[in-house]
Amino acid sequence: MRLPIPALAFAAVAVAFFALPLVGLLWRAPWSGAWSYLTADGALTALRLSLVCSLWATALSIVFGVPLAWALARTSFPGRGAVRALCTLSMVLPPVVGGVALFFALGRRGLIGQYLDRWFDVQLPFTTAGVVVAQTFVAMPFLVITVEAALRQLDLRVEDAARTLGASRWYTFRRVTLPAIRPALVAGAVLSWARALGEFGATITFAGNFPGTTQTMPLAVYLSLETNPEEAIVLALVLIAISFAVLVGLRDRWFGTRTTVAA
Amino acid sequence: MSLRAVVALQLGTLDLDVEVEVRPGELVAVLGPNGAGKSTLLRAVAGLQPLDRGVVEIDGRVVDDGDEVFVEPEHRPIGVVFQQYLLFEHMSVLENVAFGLRARGVRAAEARTRAHDWLARVGLDEYAGSRPRALSGGQAQRVALARALATDPRVLLLDEPLAALDVGTRAAVRRDLRQHLASFEGMRLLVTHDPVDAHALADRVVIVEDGRVVQAGTLAEVTARPRSRYVADLVGVNLVRGAVTDGVLRTAAGAHVVIADAPAGDCVAVIRPHSVLLTREAPASSARNVWPGVVVDLDRRGDRVRVDLDGPLPLTAEITVAALDELDLRPGDAVHAAVKATDIEVAPT
Amino acid sequence: MSHHLRRRAAVAVCSLLLAAGCGDDGDEAQTQGTVNVFAAASLTAAFEELGEAFTDANPEVEVVFNFAASSELVTQIGEGAPADVFASADTSNMTKLTDAGGAASEPVVVATNVLEIIVESGNPRGITGVADLADQDLVVVICAPEVPCGRYAADVLSAAGVAVTPKSLEQNVKGVVSKVTSGEADAGIVYRTDVIAAASDAEGVAIPADVNVLAEYPIAVTEQAANPEAAQAFVDFVLSAEGQAILASFGFLAP
């Protein structure tokens, strides 16, 4: 079906809206010095840390987020709406506030953190684990919301059919439910990963900023803006290029050809 | 060794309290209008809907007693063919059929071999690698049947297996289903709202209305003595058996019935009493079928009258009291019975 | 006083042209209208109070503040943000502006600040000076070297000959303060004004003058100021006795 002309025009504006800032970055990028900025020790360290932490955050989001989405989609209990709102609150919370809130919960004097510190000698602030915690905090809701929506759309009778064929709940989940929601799961995981990769506010507040330990790419970009905007642009472009490659690659691989909807 | 289900449960506005028994080798049809609770009964037997009270017993083993005992669906010796077939869209047809075996721990290679066998039995082995969405409705039903039977269940449950099909293919699929069901020796419980399915497939019927069994027995028994208007409407139909050639069904007694669409071969034509038009003189209407007959009995039920006719084609007609007064019919009177070909449903036997 | 004359002239012209729709939005605005002040984040509390006092004295003028890191402000002004006044937390960012020809007047230092060690109230770890920060068991945070407070902190540590391994290099001085007041860090190096602003949540340990640095806060009217008269009036007010008293009450030292 063809889109009407006005819709096309608005769509074109929307594309330009997203493309132009990127073009602006490319326009201002110091191409001659780019390579030296890129290969500088600090940049590579921050990039590596960013990738490691964001992948951990994505993994944690899947491990905890899928069961949470399942519970929200499939069970009914008083206050479920409130629980859902609670679990997605970090999407709307200013990340810096999220970081402060994490202090109050997991910091050295926090609700739980004081016992982690006292009993297990575990401190999250100023550690790489703290970065992962901060990123997971802001990223997981993206996965939960996406997966929950997919679970809600799924025909429950397909799972019933699996049960009558001798499949346990767990086998049904693995072999029927999970494959059926796989596109949503991948989309949710990618969104979470992208959010974690770009995370700034909660990370710098909760985990601080130290090269090699907690200084991820966005922090490095922000700090280099203070002194060397050219370097900041190069680092930002690297971050964008990686994200772009992953998003495009995954879309072709997972969303392009196959649409799996259980009938 | 049988299936016995005494099912009592509340679900929304449905208040279900029915008892059904299926003996070995028997196919029982639960017949009733939409919303009567038929599918809920089937789900209760399958373990997808726990009982409030009652008992479900398969081969003497209680699988749900509404209290302490509840055997999960995966541990019941059942197979289910669902109304929408509910094939797994992300798997191939072969993987669908092999699913139950794999879930029960059968090794992959053996499960595939057995799944191929089952697909061959329903004539669809060439579709083994296809996705379910590539199948027609009738093919999907056969895959669903093969999938349900592949695990060798004691009880096969069928939920409106023909309702998802369009009218054009229903008769042919029903004939196939009849063949495949005949080859399964276990107990079969069929849920349907269509008496034609019951006529074509079932040994006995249980008629459920508003969550209660209103009548049960063989089709002949129920048809002969419908206990309510509803049952009469539902099963009190004329069944005319014969052989079809060139769109005409010929009975053993030599009567001809012109029908709209049917495969050739032995069939049963279903003529609903209210489709039968009675006249004193031979009618000049567009009805293709007009048979002479003699009134043998009049049975008044409310504002309707059932008129039994004898002749080359014995029929029961249902007319209004007003029409009866106008025709002034009495036993022994000669009449003509007319039926439009398009009002006749035909099921292969 | 020429601006007063011109204002009177404008009022007179307006009176004449009132029927013709002369409004108060002419090019002639002087100590009236709006002044956009771009000020370093560390000046926030003091400048807000300064702004109120200035408006009390000049009811015709509305002061609008934009507080952010000095480096961000310079970038914003460079990209054409409507700044009338720029108050920087260090001379280097002001130099960036003047080098780019963005200042209309020679920058003037309006205040200075010194560094202090910030610790939790009651100083539970008993920190007495810069040398104590070398203790490996202490969680010390300072500003990142990219921002002024981080440069100054590095200067202090090297002048004192103390090697410190900070747990975090914060993007701004408030980050250091909050890490200490929340108890996540045991000590940090911040401006004296920040310790005073933290009030009862923290206390300061003085750093001796011989190793301390003197942070200067220069101020200037921008080249692109839409309202240079009012902008200059604001700068004058900050330098006045009343303005200096307000700055002093927040812990700033005289230039």
# chains A, B, ... in the order shown; residues from 1 in each chain; ligands from 1
$ interface_residues --of "chain C" --to "chain A" --cutoff "10 Å" --atoms "only C-alpha atoms" --output "VMD selection string"
chain C and resid 69 to 72 74 to 75 93 139 141 to 148 166 to 172 175 to 176 178 to 179 182 to 185
$ residues_around --residues "Gly243 (chain C)" --least-positions-apart "6" --cutoff "9 Å" --atoms "only C-alpha atoms" --output "compact mmCIF listing (two decimals) with all heavy atoms, in the first residue's frame"
# COMPACT_ATOMS: atom_id res chain seq x y z
N LEU C 50 22.55 37.38 44.45
CA LEU C 50 23.00 38.61 43.81
C LEU C 50 21.93 39.13 42.84
O LEU C 50 21.65 40.33 42.79
CB LEU C 50 24.28 38.36 43.02
CG LEU C 50 25.60 38.62 43.71
CD1 LEU C 50 26.74 38.08 42.86
CD2 LEU C 50 25.79 40.11 43.98
N ALA C 53 19.10 40.82 44.66
CA ALA C 53 19.49 42.14 45.16
C ALA C 53 19.59 43.14 44.00
O ALA C 53 19.16 44.30 44.13
CB ALA C 53 20.83 42.03 45.89
N PHE C 54 20.12 42.68 42.88
CA PHE C 54 20.26 43.56 41.71
C PHE C 54 18.89 44.00 41.21
O PHE C 54 18.66 45.17 40.89
CB PHE C 54 21.02 42.82 40.60
CG PHE C 54 21.15 43.60 39.33
CD1 PHE C 54 22.03 44.68 39.24
CD2 PHE C 54 20.39 43.28 38.20
CE1 PHE C 54 22.15 45.41 38.06
CE2 PHE C 54 20.50 44.00 37.03
CZ PHE C 54 21.38 45.07 36.95
N ASP C 236 28.78 45.64 37.20
CA ASP C 236 29.13 46.69 38.17
C ASP C 236 28.57 46.34 39.54
O ASP C 236 29.23 46.55 40.57
CB ASP C 236 28.55 48.04 37.72
CG ASP C 236 29.25 48.55 36.45
OD1 ASP C 236 30.34 48.01 36.13
OD2 ASP C 236 28.70 49.46 35.79
N PHE C 237 27.36 45.79 39.54
CA PHE C 237 26.72 45.48 40.81
C PHE C 237 27.49 44.36 41.55
O PHE C 237 27.66 44.40 42.76
CB PHE C 237 25.27 45.06 40.58
CG PHE C 237 24.53 44.77 41.85
CD1 PHE C 237 24.03 45.80 42.65
CD2 PHE C 237 24.34 43.46 42.27
CE1 PHE C 237 23.36 45.54 43.82
CE2 PHE C 237 23.67 43.19 43.46
CZ PHE C 237 23.17 44.23 44.23
$ residues_around --residues "Ala39 (chain C)" --least-positions-apart "5" --cutoff "6 Å" --atoms "only C-alpha atoms" --output "list in words"
Phe67, Phe86 and Ala87 of chain C
$ select_by_dssp --residues "region 166-216 of chain C" --states "strand (DSSP E or B)" --output "list in words"
Ser168, Leu169, Glu170, Ala187, Gly188, Ile189, Val190, Tyr191, Ala202, Glu203, Gly204, Val205, Ala206, Ala215 and Glu216 of chain C
$ closest_atom_pairs --of "chain B" --to "chain A" --cutoff "6 Å" --atoms "only C-alpha atoms" --output "tab-separated table"
residue	atom	partner	partner_atom	distance
B:Pro73	CA	A:Thr164	CA	5.2
B:Glu74	CA	A:Gly166	CA	3.7
B:Leu86	CA	A:Val158	CA	5.4
B:Glu89	CA	A:Ala262	CA	5.5
B:Gly100	CA	A:Leu165	CA	4.6
B:Ala103	CA	A:Ala167	CA	4.9
$ write_last_selection --atoms "all heavy atoms" --output "PDB file, in the first residue's frame"
ATOM      1  N   PRO B  73      -1.697 -31.704  32.689  1.00  0.00           N
ATOM      2  CA  PRO B  73      -2.056 -32.172  31.346  1.00  0.00           C
ATOM      3  C   PRO B  73      -0.986 -33.070  30.733  1.00  0.00           C
ATOM      4  O   PRO B  73      -1.311 -34.069  30.083  1.00  0.00           O
ATOM      5  CB  PRO B  73      -2.193 -30.886  30.541  1.00  0.00           C
ATOM      6  CG  PRO B  73      -2.340 -29.799  31.521  1.00  0.00           C
ATOM      7  CD  PRO B  73      -1.803 -30.255  32.830  1.00  0.00           C
ATOM      8  N   GLU B  74       0.302 -32.687  30.980  1.00  0.00           N
ATOM      9  CA  GLU B  74       1.364 -33.437  30.304  1.00  0.00           C
ATOM     10  C   GLU B  74       1.485 -34.870  30.834  1.00  0.00           C
ATOM     11  O   GLU B  74       2.174 -35.691  30.231  1.00  0.00           O
ATOM     12  CB  GLU B  74       2.706 -32.703  30.418  1.00  0.00           C
ATOM     13  CG  GLU B  74       3.252 -32.534  31.822  1.00  0.00           C
ATOM     14  CD  GLU B  74       2.888 -31.193  32.429  1.00  0.00           C
ATOM     15  OE1 GLU B  74       1.805 -30.669  32.093  1.00  0.00           O
ATOM     16  OE2 GLU B  74       3.682 -30.673  33.238  1.00  0.00           O
ATOM     17  N   LEU B  86      -3.970 -24.942  16.366  1.00  0.00           N
ATOM     18  CA  LEU B  86      -2.891 -24.484  17.232  1.00  0.00           C
ATOM     19  C   LEU B  86      -1.570 -25.188  16.940  1.00  0.00           C
ATOM     20  O   LEU B  86      -0.873 -25.638  17.835  1.00  0.00           O
ATOM     21  CB  LEU B  86      -3.269 -24.685  18.711  1.00  0.00           C
ATOM     22  CG  LEU B  86      -4.593 -24.048  19.128  1.00  0.00           C
ATOM     23  CD1 LEU B  86      -4.869 -24.332  20.602  1.00  0.00           C
ATOM     24  CD2 LEU B  86      -4.553 -22.542  18.899  1.00  0.00           C
ATOM     25  N   GLU B  89       3.802 -22.443  14.976  1.00  0.00           N
ATOM     26  CA  GLU B  89       4.148 -21.774  13.723  1.00  0.00           C
ATOM     27  C   GLU B  89       5.650 -21.693  13.480  1.00  0.00           C
ATOM     28  O   GLU B  89       6.081 -21.563  12.346  1.00  0.00           O
ATOM     29  CB  GLU B  89       3.578 -20.349  13.707  1.00  0.00           C
ATOM     30  CG  GLU B  89       2.062 -20.300  13.759  1.00  0.00           C
ATOM     31  CD  GLU B  89       1.422 -20.733  12.449  1.00  0.00           C
ATOM     32  OE1 GLU B  89       2.128 -20.686  11.424  1.00  0.00           O
ATOM     33  OE2 GLU B  89       0.250 -21.129  12.472  1.00  0.00           O
ATOM     34  N   GLY B 100       5.430 -33.922  20.669  1.00  0.00           N
ATOM     35  CA  GLY B 100       4.986 -34.685  21.841  1.00  0.00           C
ATOM     36  C   GLY B 100       5.984 -35.771  22.219  1.00  0.00           C
ATOM     37  O   GLY B 100       6.237 -36.018  23.397  1.00  0.00           O
ATOM     38  N   ALA B 103       8.985 -34.109  23.762  1.00  0.00           N
ATOM     39  CA  ALA B 103       8.670 -33.639  25.112  1.00  0.00           C
ATOM     40  C   ALA B 103       8.682 -34.805  26.097  1.00  0.00           C
ATOM     41  O   ALA B 103       8.935 -34.623  27.278  1.00  0.00           O
ATOM     42  CB  ALA B 103       7.310 -32.950  25.122  1.00  0.00           C
TER      43      ALA B 103
END
$ residues_around --residues "region 148-155 of chain B" --least-positions-apart "5" --cutoff "9 Å" --atoms "only C-alpha atoms" --output "JSON, numbers by chain"
{"A": [164, 165, 166], "B": [2, 3, 24, 58, 59, 76, 77, 78, 79, 80, 81, 97, 98, 99, 100, 101, 104, 114, 115, 118, 143, 184, 185, 186, 187, 188, 189]}
$ write_last_selection --atoms "C-alpha atoms" --output "PDB file, in the first residue's frame"
ATOM      1  CA  THR A 164      -1.524 -31.764  26.202  1.00  0.00           C
ATOM      2  CA  LEU A 165       1.289 -33.182  24.083  1.00  0.00           C
ATOM      3  CA  GLY A 166       3.243 -34.023  27.203  1.00  0.00           C
TER       4      GLY A 166
ATOM      5  CA  SER B   2     -13.010 -46.155  30.041  1.00  0.00           C
ATOM      6  CA  LEU B   3     -13.136 -42.414  30.363  1.00  0.00           C
ATOM      7  CA  PRO B  24     -13.208 -48.267  24.841  1.00  0.00           C
ATOM      8  CA  ILE B  58      -9.119 -42.403  32.653  1.00  0.00           C
ATOM      9  CA  ASP B  59      -8.818 -46.188  32.620  1.00  0.00           C
ATOM     10  CA  ARG B  76      -2.498 -37.476  31.193  1.00  0.00           C
ATOM     11  CA  PRO B  77      -2.770 -40.117  28.457  1.00  0.00           C
ATOM     12  CA  ILE B  78      -4.582 -37.759  26.125  1.00  0.00           C
ATOM     13  CA  GLY B  79      -4.276 -36.162  22.745  1.00  0.00           C
ATOM     14  CA  VAL B  80      -6.165 -33.047  21.763  1.00  0.00           C
ATOM     15  CA  VAL B  81      -7.130 -31.629  18.380  1.00  0.00           C
ATOM     16  CA  VAL B  97       4.260 -33.953  14.928  1.00  0.00           C
ATOM     17  CA  ALA B  98       7.463 -34.957  16.704  1.00  0.00           C
ATOM     18  CA  PHE B  99       6.913 -32.406  19.498  1.00  0.00           C
ATOM     19  CA  GLY B 100       4.986 -34.685  21.841  1.00  0.00           C
ATOM     20  CA  LEU B 101       7.536 -37.455  21.468  1.00  0.00           C
ATOM     21  CA  ARG B 104       8.391 -37.169  26.472  1.00  0.00           C
ATOM     22  CA  ARG B 114       7.769 -41.836  14.011  1.00  0.00           C
ATOM     23  CA  ALA B 115       6.601 -38.372  13.021  1.00  0.00           C
ATOM     24  CA  TRP B 118       2.319 -40.384  11.189  1.00  0.00           C
ATOM     25  CA  VAL B 143      -1.308 -32.481  11.014  1.00  0.00           C
ATOM     26  CA  PHE B 184      -7.651 -45.023  16.115  1.00  0.00           C
ATOM     27  CA  GLU B 185      -8.745 -47.646  18.581  1.00  0.00           C
ATOM     28  CA  GLY B 186      -8.785 -45.612  21.757  1.00  0.00           C
ATOM     29  CA  MET B 187     -11.582 -43.572  23.228  1.00  0.00           C
ATOM     30  CA  ARG B 188     -12.626 -40.488  21.382  1.00  0.00           C
ATOM     31  CA  LEU B 189     -14.551 -37.512  22.710  1.00  0.00           C
TER      32      LEU B 189
END
$ closest_residue --among "B:Ala36, B:Leu51, B:Val30, B:Leu313" --to "Leu14 (chain B)" --atoms "only C-alpha atoms"
B:Ala36
$ atom_distance --atom1 "CA of Asp186 (chain C)" --atom2 "CA of Ala46 (chain C)"
26.9 Å
$ residues_around --residues "Gly168 (chain B)" --least-positions-apart "2" --cutoff "12 Å" --atoms "only C-alpha atoms" --output "JSON, numbers by chain"
{"B": [137, 138, 162, 163, 164, 165, 166, 170, 171, 172, 173, 174, 260, 261, 262, 263, 345, 346]}
$ select_by_dssp --residues "region 26-253 of chain C" --states "helix (DSSP H, G or I)" --output "ChimeraX atom specification"
/C:41-57,70-78,91-99,130-134,148-160,173-181,192-201,228-239,241-249
$ residues_around --residues "Val195 (chain C)" --least-positions-apart "5" --cutoff "10 Å" --atoms "only C-alpha atoms" --output "VMD selection string"
chain C and resid 115 to 119 177 189 to 190 200 to 205 250 to 251
$ atom_distance --atom1 "CA of Val196 (chain B)" --atom2 "CA of Asn289 (chain B)"
20.6 Å
$ decode --residues "region 66-200 of chain C" --atoms "C-alpha atoms" --output "compact mmCIF listing (two decimals), in the first residue's frame"
# COMPACT_ATOMS: atom_id res chain seq x y z
CA ASN C 66 22.00 29.79 33.03
CA PHE C 67 24.22 27.79 35.36
CA ALA C 68 26.45 25.04 34.00
CA ALA C 69 30.08 24.00 33.86
CA SER C 70 32.22 26.89 32.60
CA SER C 71 33.43 24.85 29.64
CA GLU C 72 29.86 24.06 28.59
CA LEU C 73 28.93 27.72 28.86
CA VAL C 74 31.82 28.74 26.63
CA THR C 75 30.69 26.19 24.05
CA GLN C 76 27.11 27.42 24.25
CA ILE C 77 28.18 31.05 23.81
CA GLY C 78 30.41 30.03 20.92
CA GLU C 79 27.39 28.38 19.27
CA GLY C 80 25.46 31.63 19.57
CA ALA C 81 23.53 31.22 22.79
CA PRO C 82 22.00 34.56 23.89
CA ALA C 83 24.39 35.38 26.72
CA ASP C 84 24.88 38.93 27.95
CA VAL C 85 27.26 38.15 30.80
CA PHE C 86 29.68 35.27 31.29
CA ALA C 87 31.03 34.46 34.72
CA SER C 88 33.63 31.68 34.62
CA ALA C 89 35.01 29.52 37.41
CA ASP C 90 38.49 29.77 35.99
CA THR C 91 40.61 31.99 33.81
CA SER C 92 41.28 29.39 31.13
CA ASN C 93 37.64 29.13 30.05
CA MET C 94 37.39 32.92 30.07
CA THR C 95 40.52 33.00 27.94
CA LYS C 96 38.80 30.69 25.46
CA LEU C 97 36.05 33.25 25.14
CA THR C 98 38.36 36.27 24.82
CA ASP C 99 40.61 34.42 22.36
CA ALA C 100 37.58 33.81 20.19
CA GLY C 101 36.72 37.49 20.41
CA GLY C 102 33.61 36.74 22.40
CA ALA C 103 34.11 39.26 25.17
CA ALA C 104 33.06 42.90 24.79
CA SER C 105 35.15 44.08 27.68
CA GLU C 106 38.32 43.07 29.54
CA PRO C 107 37.37 40.31 32.03
CA VAL C 108 37.43 41.35 35.68
CA VAL C 109 38.00 38.97 38.56
CA VAL C 110 35.03 39.30 40.89
CA ALA C 111 35.88 36.65 43.44
CA THR C 112 38.42 34.03 44.40
CA ASN C 113 38.09 30.71 46.03
CA VAL C 114 40.41 28.25 47.71
CA LEU C 115 40.28 24.48 48.03
CA GLU C 116 39.46 22.54 51.15
CA ILE C 117 39.27 18.89 52.04
CA ILE C 118 35.65 17.93 52.49
CA VAL C 119 34.85 15.19 54.99
CA GLU C 120 31.73 13.89 56.64
CA SER C 121 30.32 15.82 59.59
CA GLY C 122 32.32 15.04 62.68
CA ASN C 123 35.30 13.99 60.56
CA PRO C 124 34.95 10.31 61.51
CA ARG C 125 38.20 9.30 59.83
CA GLY C 126 40.13 12.03 61.65
CA ILE C 127 41.61 13.66 58.59
CA THR C 128 43.84 16.57 59.47
CA GLY C 129 45.52 17.48 56.21
CA VAL C 130 46.40 16.65 52.65
CA ALA C 131 48.99 14.06 53.70
CA ASP C 132 46.26 11.90 55.30
CA LEU C 133 44.61 11.45 51.90
CA ALA C 134 47.39 9.08 50.86
CA ASP C 135 45.91 6.39 53.14
CA GLN C 136 44.93 3.49 50.87
CA ASP C 137 41.97 2.57 53.09
CA LEU C 138 40.33 5.90 52.51
CA VAL C 139 37.84 6.38 49.70
CA VAL C 140 38.96 9.66 48.15
CA VAL C 141 37.24 11.32 45.23
CA ILE C 142 38.34 14.42 43.37
CA CYS C 143 37.27 16.17 40.20
CA ALA C 144 38.42 14.93 36.82
CA PRO C 145 41.52 16.69 35.45
CA GLU C 146 39.41 17.96 32.57
CA VAL C 147 37.47 20.33 34.82
CA PRO C 148 38.93 23.25 36.84
CA CYS C 149 38.42 21.78 40.30
CA GLY C 150 40.26 18.65 39.17
CA ARG C 151 43.20 20.65 37.81
CA TYR C 152 43.38 22.62 41.05
CA ALA C 153 43.17 19.45 43.16
CA ALA C 154 46.03 17.94 41.18
CA ASP C 155 48.03 21.14 41.74
CA VAL C 156 47.40 20.95 45.48
CA LEU C 157 48.39 17.28 45.70
CA SER C 158 51.59 17.80 43.73
CA ALA C 159 52.49 20.93 45.69
CA ALA C 160 52.03 18.96 48.91
CA GLY C 161 53.95 16.02 47.44
CA VAL C 162 51.15 13.57 48.28
CA ALA C 163 50.26 10.63 46.03
CA VAL C 164 46.55 9.88 46.16
CA THR C 165 44.66 7.14 44.36
CA PRO C 166 41.16 8.50 43.95
CA LYS C 167 38.28 6.10 43.52
CA SER C 168 36.55 8.42 41.12
CA LEU C 169 37.27 11.45 39.01
CA GLU C 170 34.02 13.35 39.15
CA GLN C 171 32.78 15.44 36.27
CA ASN C 172 32.01 18.35 38.57
CA VAL C 173 32.57 19.52 42.11
CA LYS C 174 28.99 18.76 43.19
CA GLY C 175 29.66 15.12 42.34
CA VAL C 176 32.52 15.12 44.85
CA VAL C 177 30.36 16.80 47.48
CA SER C 178 27.50 14.35 47.07
CA LYS C 179 29.81 11.32 47.20
CA VAL C 180 31.09 12.56 50.56
CA THR C 181 27.78 13.70 52.05
CA SER C 182 26.13 10.41 51.05
CA GLY C 183 28.88 8.52 52.82
CA GLU C 184 30.19 6.74 49.75
CA ALA C 185 33.47 8.57 49.93
CA ASP C 186 35.49 9.46 53.02
CA ALA C 187 37.07 12.61 51.68
CA GLY C 188 37.32 14.83 48.65
CA ILE C 189 38.89 18.04 47.51
CA VAL C 190 36.44 20.82 46.75
CA TYR C 191 36.12 24.59 46.93
CA ARG C 192 35.73 26.20 50.29
CA THR C 193 32.38 27.58 49.10
CA ASP C 194 31.12 24.04 48.53
CA VAL C 195 31.93 23.04 52.09
CA ILE C 196 30.02 26.08 53.36
CA ALA C 197 27.08 25.27 51.05
CA ALA C 198 26.96 21.69 52.34
CA ALA C 199 26.30 23.19 55.79
CA SER C 200 25.78 20.51 58.43
